[in-house]
file work-v6.cif (mmCIF, C-alpha atoms)
data_protein
loop_
_atom_site.label_atom_id
_atom_site.label_comp_id
_atom_site.auth_asym_id
_atom_site.auth_seq_id
_atom_site.Cartn_x
_atom_site.Cartn_y
_atom_site.Cartn_z
CA MET A 155 9.23 12.29 -10.87
CA PRO A 156 7.42 9.00 -10.23
CA GLY A 157 5.28 8.72 -7.15
CA LYS A 158 2.15 7.25 -5.70
CA MET A 159 -1.10 7.65 -7.61
CA GLU A 160 -3.32 10.58 -6.64
CA ILE A 161 -6.72 9.27 -5.53
CA ASP A 162 -10.00 11.13 -5.99
CA GLU A 163 -11.94 9.95 -2.94
CA GLY A 164 -15.19 10.56 -4.84
CA ILE A 165 -14.60 7.37 -6.84
CA LEU A 166 -14.52 5.43 -3.54
CA ASP A 167 -17.85 7.00 -2.56
CA ASP A 168 -19.25 5.99 -5.97
CA ALA A 169 -17.96 2.42 -5.57
CA VAL A 170 -19.70 1.80 -2.23
CA LYS A 171 -22.91 3.23 -3.72
CA GLN A 172 -22.49 0.87 -6.68
CA ALA A 173 -22.17 -2.13 -4.32
CA LEU A 174 -25.41 -1.19 -2.56
CA ALA A 175 -27.21 -0.63 -5.88
CA MET A 176 -26.11 -4.11 -6.99
CA GLY A 177 -27.71 -5.65 -3.90
CA ALA A 178 -24.85 -5.83 -1.39
CA LYS A 179 -25.93 -5.60 2.24
CA TYR A 180 -22.40 -4.44 3.09
CA ALA A 181 -19.19 -3.81 1.17
CA ASP A 182 -15.77 -2.38 1.88
CA ILE A 183 -12.99 -1.22 -0.35
CA ARG A 184 -9.28 -1.20 0.38
CA LEU A 185 -7.09 0.77 -1.96
CA ASP A 186 -3.32 0.98 -1.47
CA THR A 187 -1.02 3.20 -3.51
CA GLY A 188 2.66 3.78 -2.96
CA PHE A 189 6.14 4.54 -4.20
CA SER A 190 9.51 3.33 -2.91
CA GLU A 191 13.19 3.99 -3.60
CA GLY A 192 16.32 2.44 -2.21
CA ALA A 193 19.96 1.55 -2.71
CA SER A 194 22.35 -1.09 -1.40
CA ALA A 195 26.10 -1.46 -1.45
CA GLU A 196 28.53 -4.28 -0.69
CA ASN A 197 32.09 -3.62 0.49
CA GLY A 198 31.88 0.01 -0.65
CA ASP A 199 30.49 -0.71 -4.14
CA ILE A 200 26.94 0.04 -5.22
CA LYS A 201 25.05 -3.22 -5.83
CA ASP A 202 21.45 -2.22 -6.39
CA VAL A 203 19.28 0.82 -6.94
CA SER A 204 15.54 0.26 -6.89
CA ALA A 205 12.38 2.24 -7.43
CA GLY A 206 8.83 1.01 -7.61
CA GLU A 207 5.29 2.24 -7.61
CA GLY A 208 1.97 0.50 -7.51
CA THR A 209 -1.71 0.71 -6.74
CA SER A 210 -3.99 -2.18 -5.80
CA ILE A 211 -7.65 -2.61 -4.89
CA GLY A 212 -9.46 -5.18 -2.77
CA VAL A 213 -13.26 -5.38 -2.40
CA ARG A 214 -15.34 -7.45 0.05
CA ALA A 215 -19.08 -7.64 -0.48
CA LEU A 216 -21.82 -9.29 1.56
CA ALA A 217 -24.78 -10.14 -0.67
CA GLY A 218 -27.32 -12.92 -0.46
CA GLY A 219 -26.03 -13.68 3.03
CA THR A 220 -22.46 -14.62 2.05
CA TRP A 221 -19.16 -12.97 1.17
CA GLY A 222 -17.65 -12.29 -2.21
CA PHE A 223 -14.17 -10.92 -2.86
CA HIS A 224 -12.23 -9.49 -5.74
CA SER A 225 -8.91 -7.67 -6.09
CA ALA A 226 -6.80 -6.17 -8.86
CA ASP A 227 -3.67 -4.18 -9.52
CA VAL A 228 -4.22 -0.82 -11.21
CA PRO A 229 -1.73 -0.20 -14.03
CA GLY A 230 -2.40 3.54 -14.25
CA PRO A 231 -4.65 6.41 -13.17
CA ASP A 232 -6.58 6.33 -16.44
CA VAL A 233 -8.08 2.92 -15.56
CA LEU A 234 -8.53 3.35 -11.80
CA LYS A 235 -12.27 4.12 -11.88
CA ASP A 236 -13.08 1.27 -14.30
CA THR A 237 -10.89 -1.22 -12.41
CA LEU A 238 -12.55 -0.30 -9.12
CA SER A 239 -16.04 -0.59 -10.62
CA ARG A 240 -15.21 -4.01 -12.07
CA CYS A 241 -13.85 -5.22 -8.71
CA VAL A 242 -17.08 -4.16 -6.99
CA GLU A 243 -19.15 -5.88 -9.67
CA LEU A 244 -17.20 -9.15 -9.41
CA ALA A 245 -17.17 -9.17 -5.60
CA VAL A 246 -20.96 -8.71 -5.42
CA GLN A 247 -21.49 -11.37 -8.12
CA ALA A 248 -19.23 -13.81 -6.24
CA ALA A 249 -21.21 -13.25 -3.04
CA LYS A 250 -24.53 -13.82 -4.78
CA ALA A 251 -23.18 -16.98 -6.46
CA SER A 252 -22.33 -18.41 -3.01
CA ALA A 253 -25.71 -17.52 -1.47
CA LYS A 254 -26.58 -21.15 -0.74
CA PHE A 255 -24.73 -20.98 2.58
CA GLU A 256 -26.00 -19.78 5.97
CA GLU A 257 -26.45 -16.01 6.14
CA VAL A 258 -23.66 -13.95 7.68
CA MET A 259 -24.74 -11.42 10.30
CA LEU A 260 -22.65 -8.33 11.02
CA ALA A 261 -22.26 -6.59 14.37
CA GLU A 262 -23.35 -2.97 14.48
CA VAL A 263 -20.42 -0.58 14.61
CA LYS A 264 -20.05 3.17 14.48
CA PRO A 265 -18.23 4.09 11.25
CA VAL A 266 -14.93 5.94 11.58
CA VAL A 267 -13.95 8.84 9.38
CA ALA A 268 -10.28 9.77 9.81
CA ARG A 269 -7.05 10.69 8.08
CA VAL A 270 -3.95 9.46 9.90
CA LYS A 271 -0.39 10.50 9.10
CA CYS A 272 2.30 8.05 10.21
CA GLY A 273 6.05 8.03 9.87
CA VAL A 274 8.91 10.43 9.53
CA LYS A 275 8.46 14.17 9.49
CA GLU A 276 11.01 15.01 6.80
CA ARG A 277 11.21 13.89 3.20
CA PRO A 278 13.86 11.19 2.68
CA PRO A 279 16.92 12.10 0.65
CA ALA A 280 17.02 11.72 -3.13
CA VAL A 281 18.18 8.39 -4.58
CA GLU A 282 21.68 9.80 -5.30
CA GLU A 283 22.10 10.51 -1.59
CA LEU A 284 20.76 7.05 -0.71
CA LYS A 285 23.41 5.54 -3.01
CA ARG A 286 26.14 7.67 -1.43
CA LEU A 287 25.09 6.64 2.09
CA ALA A 288 24.91 2.94 1.21
CA VAL A 289 28.42 3.01 -0.31
CA GLU A 290 29.91 5.01 2.57
CA VAL A 291 28.42 2.90 5.35
CA SER A 292 29.37 -0.43 3.73
CA ARG A 293 32.90 0.89 3.07
CA ARG A 294 33.35 1.99 6.69
CA MET A 295 31.98 -1.32 8.00
CA ARG A 296 34.55 -3.16 5.85
CA GLU A 297 37.36 -1.15 7.49
CA VAL A 298 36.68 -2.84 10.85
CA ASP A 299 39.21 -5.61 11.66
CA ASN A 300 38.18 -9.12 10.57
CA ILE A 301 35.18 -7.96 8.53
CA VAL A 302 35.33 -9.79 5.17
CA MET A 303 32.01 -8.63 3.77
CA SER A 304 29.75 -5.67 4.55
CA ILE A 305 26.38 -4.83 3.09
CA HIS A 306 24.24 -1.77 3.72
CA GLY A 307 20.81 -1.04 2.30
CA ILE A 308 18.74 2.10 2.77
CA GLY A 309 15.41 3.19 1.36
CA TYR A 310 11.96 4.55 1.94
CA SER A 311 8.34 4.01 0.97
CA ASP A 312 5.61 6.63 0.63
CA GLU A 313 2.17 4.98 0.88
CA SER A 314 -1.49 5.85 1.24
CA LYS A 315 -4.02 3.24 2.34
CA TYR A 316 -7.76 3.85 1.93
CA PHE A 317 -10.62 1.97 3.62
CA TRP A 318 -14.20 2.86 2.58
CA SER A 319 -17.36 0.99 3.61
CA THR A 320 -21.06 1.08 2.89
CA GLU A 321 -21.56 1.80 6.62
CA GLY A 322 -19.83 5.16 6.18
CA ALA A 323 -16.25 4.39 7.24
CA LYS A 324 -13.71 6.54 5.41
CA ILE A 325 -10.18 6.02 6.67
CA VAL A 326 -6.98 7.17 4.98
CA GLU A 327 -3.55 6.31 6.36
CA ASP A 328 -0.65 8.27 4.85
CA ARG A 329 2.65 6.65 5.74
CA LEU A 330 6.23 7.62 4.98
CA ARG A 331 8.60 4.94 6.21
CA CYS A 332 12.40 4.84 6.09
CA GLU A 333 14.28 1.56 6.34
CA GLY A 334 17.88 0.46 6.62
CA THR A 335 19.80 -2.81 6.94
CA LEU A 336 23.36 -3.60 7.97
CA TYR A 337 25.10 -6.96 7.47
CA ALA A 338 28.67 -7.81 8.31
CA VAL A 339 30.51 -11.14 7.95
CA ALA A 340 33.67 -11.69 9.97
#
call {"tool": "encode", "arguments": {"input": "work-v6.cif", "output": "structure tokens"}}
result
Amino acid sequence: MPGKMEIDEGILDDAVKQALAMGAKYADIRLDTGFSEGASAENGDIKDVSAGEGTSIGVRALAGGTWGFHSADVPGPDVLKDTLSRCVELAVQAAKASAKFEEVMLAEVKPVVARVKCGVKERPPAVEELKRLAVEVSRRMREVDNIVMSIHGIGYSDESKYFWSTEGAKIVEDRLRCEGTLYAVA
């Protein structure tokens, strides 16, 4: 079954070390990975079934007194480490290339290390059940007097968001979110 990419947090540790070794005064990494499924129906007929997965990286680096940024999508787990390393390299290079500007000073902060779980407590239903619910709800809405069109969509997303910094912050947010929409035209 498709799903979000499993992340070895050790590669995030290696990436912040790489940024420092390349001369960054500070760097942070944001890595998002997720999976979503959903279905929609109009007037009791299935209209759309969707599923998607993706992983993306964003890196900020402060080197030579200015910021550099780089981001990329990660097409698969086999290239995650190399893609992350390249993002760090390009962000630090971009910062150094802009070093002719006034130096940026950062406030001192205590780094946070936390794992936060947000969202529903139960796994959402399988896509076949999502389809059944979308059809049933849109059909029942259409049965109401004067309703000429009814649309119902239902789905969920399962995401993990990582924030790592050279100051020692290590934050992971695991989020499972369910969503639904109802539209009726009278």
call {"tool": "axis_aligned_box", "arguments": {"input": "work-v6.cif", "around": "segment 209-214 of chain A", "padding_each_side": "3 Å", "output": "lines of an AutoDock Vina configuration file"}}
result
center_x = -8.5
center_y = -3.4
center_z = -3.3
size_x = 19.6
size_y = 14.2
size_z = 12.8
call {"tool": "resolve_selection", "arguments": {"input": "work-v6.cif", "expression": "the PyMOL selection byres ((chain A and resi 199) around 9)", "output": "PDB file with C-alpha atoms, keeping the file's coordinate frame"}}
result
ATOM      1  CA  SER A 194      22.350  -1.090  -1.400  1.00  0.00           C
ATOM      2  CA  ALA A 195      26.100  -1.460  -1.450  1.00  0.00           C
ATOM      3  CA  GLU A 196      28.530  -4.280  -0.690  1.00  0.00           C
ATOM      4  CA  ASN A 197      32.090  -3.620   0.490  1.00  0.00           C
ATOM      5  CA  GLY A 198      31.880   0.010  -0.650  1.00  0.00           C
ATOM      6  CA  ILE A 200      26.940   0.040  -5.220  1.00  0.00           C
ATOM      7  CA  LYS A 201      25.050  -3.220  -5.830  1.00  0.00           C
ATOM      8  CA  ALA A 288      24.910   2.940   1.210  1.00  0.00           C
ATOM      9  CA  VAL A 289      28.420   3.010  -0.310  1.00  0.00           C
ATOM     10  CA  GLU A 290      29.910   5.010   2.570  1.00  0.00           C
ATOM     11  CA  SER A 292      29.370  -0.430   3.730  1.00  0.00           C
ATOM     12  CA  ARG A 293      32.900   0.890   3.070  1.00  0.00           C
TER      13      ARG A 293
END
call {"tool": "resolve_selection", "arguments": {"input": "work-v6.cif", "expression": "the PyMOL selection byres ((chain A and resi 256-259) around 6)", "output": "MDAnalysis selection string"}}
result
chainID A and resid 219:220 255 260
call {"tool": "closest_residue", "arguments": {"input": "work-v6.cif", "among": "A:Met159, A:Val246, A:Cys272, A:Leu174", "to": "Phe189 of chain A", "atoms": "all atoms listed in the file"}}
result
A:Met159
call {"tool": "resolve_selection", "arguments": {"input": "work-v6.cif", "expression": "the PyMOL selection byres ((chain A and resi 320-332) around 8)", "output": "count of residues only"}}
result
32
call {"tool": "closest_residue", "arguments": {"input": "work-v6.cif", "among": "A:Lys285, A:Gly218, A:Ile301, A:Ser210", "to": "Val233 of chain A", "atoms": "all atoms listed in the file"}}
result
A:Ser210
call {"tool": "atom_distance", "arguments": {"input": "work-v6.cif", "atom1": "atom CA of Leu216 of chain A", "atom2": "atom CA of Val228 of chain A"}}
result
23.3 Å
call {"tool": "residues_near_point", "arguments": {"input": "work-v6.cif", "point": "(-4.5, -3.3, -11.6)", "cutoff": "10 Å", "atoms": "all atoms listed in the file", "output": "JSON, numbers by chain"}}
result
{"A": [208, 209, 210, 211, 225, 226, 227, 228, 229, 230, 231, 233, 234, 237, 238, 241]}
call {"tool": "atom_distance", "arguments": {"input": "work-v6.cif", "atom1": "atom CA of Lys158 of chain A", "atom2": "atom CA of Val291 of chain A"}}
result
28.8 Å
call {"tool": "atom_distance", "arguments": {"input": "work-v6.cif", "atom1": "atom CA of Ser239 of chain A", "atom2": "atom CA of Gly188 of chain A"}}
result
20.7 Å
call {"tool": "residues_around", "arguments": {"input": "work-v6.cif", "residues": "Ala215 of chain A", "least_positions_apart": "2", "cutoff": "9 Å", "atoms": "only C-alpha atoms", "output": "list in words"}}
result
Ala173, Ala178, Lys179, Tyr180, Ala181, Asp182, Ile183, Val213, Ala217, Thr220, Trp221, Gly222, Phe223, His224, Val242, Ala245, Val246, Gln247, Ala248 and Ala249 of chain A
call {"tool": "write_last_selection", "arguments": {"input": "work-v6.cif", "atoms": "C-alpha atoms", "output": "compact mmCIF listing (two decimals), in the frame of the given file"}}
result
# COMPACT_ATOMS: atom_id res chain seq x y z
CA ALA A 173 -22.17 -2.13 -4.32
CA ALA A 178 -24.85 -5.83 -1.39
CA LYS A 179 -25.93 -5.60 2.24
CA TYR A 180 -22.40 -4.44 3.09
CA ALA A 181 -19.19 -3.81 1.17
CA ASP A 182 -15.77 -2.38 1.88
CA ILE A 183 -12.99 -1.22 -0.35
CA VAL A 213 -13.26 -5.38 -2.40
CA ALA A 217 -24.78 -10.14 -0.67
CA THR A 220 -22.46 -14.62 2.05
CA TRP A 221 -19.16 -12.97 1.17
CA GLY A 222 -17.65 -12.29 -2.21
CA PHE A 223 -14.17 -10.92 -2.86
CA HIS A 224 -12.23 -9.49 -5.74
CA VAL A 242 -17.08 -4.16 -6.99
CA ALA A 245 -17.17 -9.17 -5.60
CA VAL A 246 -20.96 -8.71 -5.42
CA GLN A 247 -21.49 -11.37 -8.12
CA ALA A 248 -19.23 -13.81 -6.24
CA ALA A 249 -21.21 -13.25 -3.04
call {"tool": "closest_residue", "arguments": {"input": "work-v6.cif", "among": "A:Ser204, A:Gly212, A:Ser304, A:Ala193", "to": "Leu287 of chain A", "atoms": "only C-alpha atoms"}}
result
A:Ala193
call {"tool": "closest_residue", "arguments": {"input": "work-v6.cif", "among": "A:Ile165, A:Arg214, A:Asp299, A:Arg286", "to": "Val339 of chain A", "atoms": "all atoms listed in the file"}}
result
A:Asp299
call {"tool": "closest_residue", "arguments": {"input": "work-v6.cif", "among": "A:Asp232, A:Lys275, A:Met176, A:Ser190", "to": "Ile161 of chain A", "atoms": "all atoms listed in the file"}}
result
A:Asp232
call {"tool": "closest_residue", "arguments": {"input": "work-v6.cif", "among": "A:Gln172, A:Gly192, A:Ala253, A:Gly157", "to": "Pro279 of chain A", "atoms": "only C-alpha atoms"}}
result
A:Gly192
call {"tool": "decode", "arguments": {"input": "work-v6.cif", "residues": "segment 175-209 of chain A", "atoms": "N, CA and C atoms", "output": "PDB file, in the first residue's frame"}}
result
ATOM      1  N   ALA A 175      29.921  22.291   8.401  1.00  0.00           N
ATOM      2  CA  ALA A 175      31.226  21.985   7.806  1.00  0.00           C
ATOM      3  C   ALA A 175      31.478  22.830   6.556  1.00  0.00           C
ATOM      4  N   MET A 176      30.411  23.212   5.870  1.00  0.00           N
ATOM      5  CA  MET A 176      30.549  24.037   4.663  1.00  0.00           C
ATOM      6  C   MET A 176      30.677  25.521   4.991  1.00  0.00           C
ATOM      7  N   GLY A 177      30.595  25.878   6.282  1.00  0.00           N
ATOM      8  CA  GLY A 177      30.778  27.266   6.669  1.00  0.00           C
ATOM      9  C   GLY A 177      29.518  28.013   7.052  1.00  0.00           C
ATOM     10  N   ALA A 178      28.388  27.328   7.168  1.00  0.00           N
ATOM     11  CA  ALA A 178      27.165  28.006   7.608  1.00  0.00           C
ATOM     12  C   ALA A 178      27.271  28.329   9.089  1.00  0.00           C
ATOM     13  N   LYS A 179      26.826  29.528   9.452  1.00  0.00           N
ATOM     14  CA  LYS A 179      26.748  29.916  10.860  1.00  0.00           C
ATOM     15  C   LYS A 179      25.491  29.291  11.478  1.00  0.00           C
ATOM     16  N   TYR A 180      24.470  29.127  10.656  1.00  0.00           N
ATOM     17  CA  TYR A 180      23.196  28.546  11.077  1.00  0.00           C
ATOM     18  C   TYR A 180      22.560  27.916   9.840  1.00  0.00           C
ATOM     19  N   ALA A 181      21.815  26.847  10.043  1.00  0.00           N
ATOM     20  CA  ALA A 181      21.007  26.269   8.964  1.00  0.00           C
ATOM     21  C   ALA A 181      19.836  25.530   9.585  1.00  0.00           C
ATOM     22  N   ASP A 182      18.736  25.488   8.852  1.00  0.00           N
ATOM     23  CA  ASP A 182      17.626  24.630   9.266  1.00  0.00           C
ATOM     24  C   ASP A 182      17.066  23.904   8.059  1.00  0.00           C
ATOM     25  N   ILE A 183      16.501  22.757   8.367  1.00  0.00           N
ATOM     26  CA  ILE A 183      15.966  21.873   7.345  1.00  0.00           C
ATOM     27  C   ILE A 183      14.505  21.602   7.673  1.00  0.00           C
ATOM     28  N   ARG A 184      13.674  21.700   6.652  1.00  0.00           N
ATOM     29  CA  ARG A 184      12.271  21.335   6.776  1.00  0.00           C
ATOM     30  C   ARG A 184      12.024  20.210   5.770  1.00  0.00           C
ATOM     31  N   LEU A 185      11.525  19.121   6.261  1.00  0.00           N
ATOM     32  CA  LEU A 185      11.224  17.982   5.406  1.00  0.00           C
ATOM     33  C   LEU A 185       9.776  17.594   5.679  1.00  0.00           C
ATOM     34  N   ASP A 186       8.972  17.546   4.628  1.00  0.00           N
ATOM     35  CA  ASP A 186       7.567  17.155   4.740  1.00  0.00           C
ATOM     36  C   ASP A 186       7.342  15.910   3.897  1.00  0.00           C
ATOM     37  N   THR A 187       6.665  14.921   4.475  1.00  0.00           N
ATOM     38  CA  THR A 187       6.309  13.728   3.714  1.00  0.00           C
ATOM     39  C   THR A 187       4.873  13.366   4.048  1.00  0.00           C
ATOM     40  N   GLY A 188       4.118  12.936   3.056  1.00  0.00           N
ATOM     41  CA  GLY A 188       2.724  12.639   3.321  1.00  0.00           C
ATOM     42  C   GLY A 188       2.066  11.795   2.249  1.00  0.00           C
ATOM     43  N   PHE A 189       0.858  11.364   2.589  1.00  0.00           N
ATOM     44  CA  PHE A 189       0.025  10.544   1.726  1.00  0.00           C
ATOM     45  C   PHE A 189      -1.413  10.979   1.935  1.00  0.00           C
ATOM     46  N   SER A 190      -2.199  11.026   0.863  1.00  0.00           N
ATOM     47  CA  SER A 190      -3.610  11.390   1.001  1.00  0.00           C
ATOM     48  C   SER A 190      -4.465  10.524   0.087  1.00  0.00           C
ATOM     49  N   GLU A 191      -5.714  10.331   0.497  1.00  0.00           N
ATOM     50  CA  GLU A 191      -6.710   9.610  -0.297  1.00  0.00           C
ATOM     51  C   GLU A 191      -8.035  10.327  -0.135  1.00  0.00           C
ATOM     52  N   GLY A 192      -8.875  10.238  -1.161  1.00  0.00           N
ATOM     53  CA  GLY A 192     -10.182  10.842  -1.060  1.00  0.00           C
ATOM     54  C   GLY A 192     -11.096  10.403  -2.186  1.00  0.00           C
ATOM     55  N   ALA A 193     -12.363  10.763  -2.052  1.00  0.00           N
ATOM     56  CA  ALA A 193     -13.362  10.452  -3.070  1.00  0.00           C
ATOM     57  C   ALA A 193     -14.414  11.550  -3.053  1.00  0.00           C
ATOM     58  N   SER A 194     -15.023  11.787  -4.214  1.00  0.00           N
ATOM     59  CA  SER A 194     -16.145  12.725  -4.277  1.00  0.00           C
ATOM     60  C   SER A 194     -17.220  12.147  -5.184  1.00  0.00           C
ATOM     61  N   ALA A 195     -18.458  12.562  -4.896  1.00  0.00           N
ATOM     62  CA  ALA A 195     -19.597  12.102  -5.675  1.00  0.00           C
ATOM     63  C   ALA A 195     -20.524  13.278  -5.934  1.00  0.00           C
ATOM     64  N   GLU A 196     -21.223  13.209  -7.064  1.00  0.00           N
ATOM     65  CA  GLU A 196     -22.203  14.238  -7.430  1.00  0.00           C
ATOM     66  C   GLU A 196     -23.522  13.542  -7.728  1.00  0.00           C
ATOM     67  N   ASN A 197     -24.569  13.979  -7.039  1.00  0.00           N
ATOM     68  CA  ASN A 197     -25.918  13.432  -7.241  1.00  0.00           C
ATOM     69  C   ASN A 197     -25.954  11.907  -7.146  1.00  0.00           C
ATOM     70  N   GLY A 198     -25.162  11.342  -6.241  1.00  0.00           N
ATOM     71  CA  GLY A 198     -25.181   9.904  -6.017  1.00  0.00           C
ATOM     72  C   GLY A 198     -24.268   9.096  -6.906  1.00  0.00           C
ATOM     73  N   ASP A 199     -23.494   9.760  -7.788  1.00  0.00           N
ATOM     74  CA  ASP A 199     -22.566   9.065  -8.676  1.00  0.00           C
ATOM     75  C   ASP A 199     -21.132   9.459  -8.336  1.00  0.00           C
ATOM     76  N   ILE A 200     -20.260   8.465  -8.280  1.00  0.00           N
ATOM     77  CA  ILE A 200     -18.854   8.745  -7.987  1.00  0.00           C
ATOM     78  C   ILE A 200     -18.274   9.613  -9.107  1.00  0.00           C
ATOM     79  N   LYS A 201     -17.551  10.666  -8.731  1.00  0.00           N
ATOM     80  CA  LYS A 201     -16.963  11.584  -9.706  1.00  0.00           C
ATOM     81  C   LYS A 201     -15.446  11.527  -9.705  1.00  0.00           C
ATOM     82  N   ASP A 202     -14.859  11.269  -8.548  1.00  0.00           N
ATOM     83  CA  ASP A 202     -13.406  11.337  -8.467  1.00  0.00           C
ATOM     84  C   ASP A 202     -12.914  10.473  -7.318  1.00  0.00           C
ATOM     85  N   VAL A 203     -11.840   9.784  -7.556  1.00  0.00           N
ATOM     86  CA  VAL A 203     -11.108   9.072  -6.513  1.00  0.00           C
ATOM     87  C   VAL A 203      -9.658   9.515  -6.658  1.00  0.00           C
ATOM     88  N   SER A 204      -9.066   9.938  -5.550  1.00  0.00           N
ATOM     89  CA  SER A 204      -7.700  10.451  -5.640  1.00  0.00           C
ATOM     90  C   SER A 204      -6.811   9.830  -4.574  1.00  0.00           C
ATOM     91  N   ALA A 205      -5.543   9.745  -4.914  1.00  0.00           N
ATOM     92  CA  ALA A 205      -4.526   9.306  -3.964  1.00  0.00           C
ATOM     93  C   ALA A 205      -3.233   9.998  -4.370  1.00  0.00           C
ATOM     94  N   GLY A 206      -2.481  10.428  -3.401  1.00  0.00           N
ATOM     95  CA  GLY A 206      -1.218  11.081  -3.703  1.00  0.00           C
ATOM     96  C   GLY A 206      -0.236  10.915  -2.566  1.00  0.00           C
ATOM     97  N   GLU A 207       1.020  10.977  -2.930  1.00  0.00           N
ATOM     98  CA  GLU A 207       2.067  10.918  -1.921  1.00  0.00           C
ATOM     99  C   GLU A 207       3.193  11.824  -2.382  1.00  0.00           C
ATOM    100  N   GLY A 208       3.933  12.353  -1.426  1.00  0.00           N
ATOM    101  CA  GLY A 208       5.037  13.211  -1.803  1.00  0.00           C
ATOM    102  C   GLY A 208       5.923  13.550  -0.621  1.00  0.00           C
ATOM    103  N   THR A 209       7.156  13.899  -0.957  1.00  0.00           N
ATOM    104  CA  THR A 209       8.129  14.316   0.046  1.00  0.00           C
ATOM    105  C   THR A 209       8.878  15.511  -0.526  1.00  0.00           C
TER     106      THR A 209
END
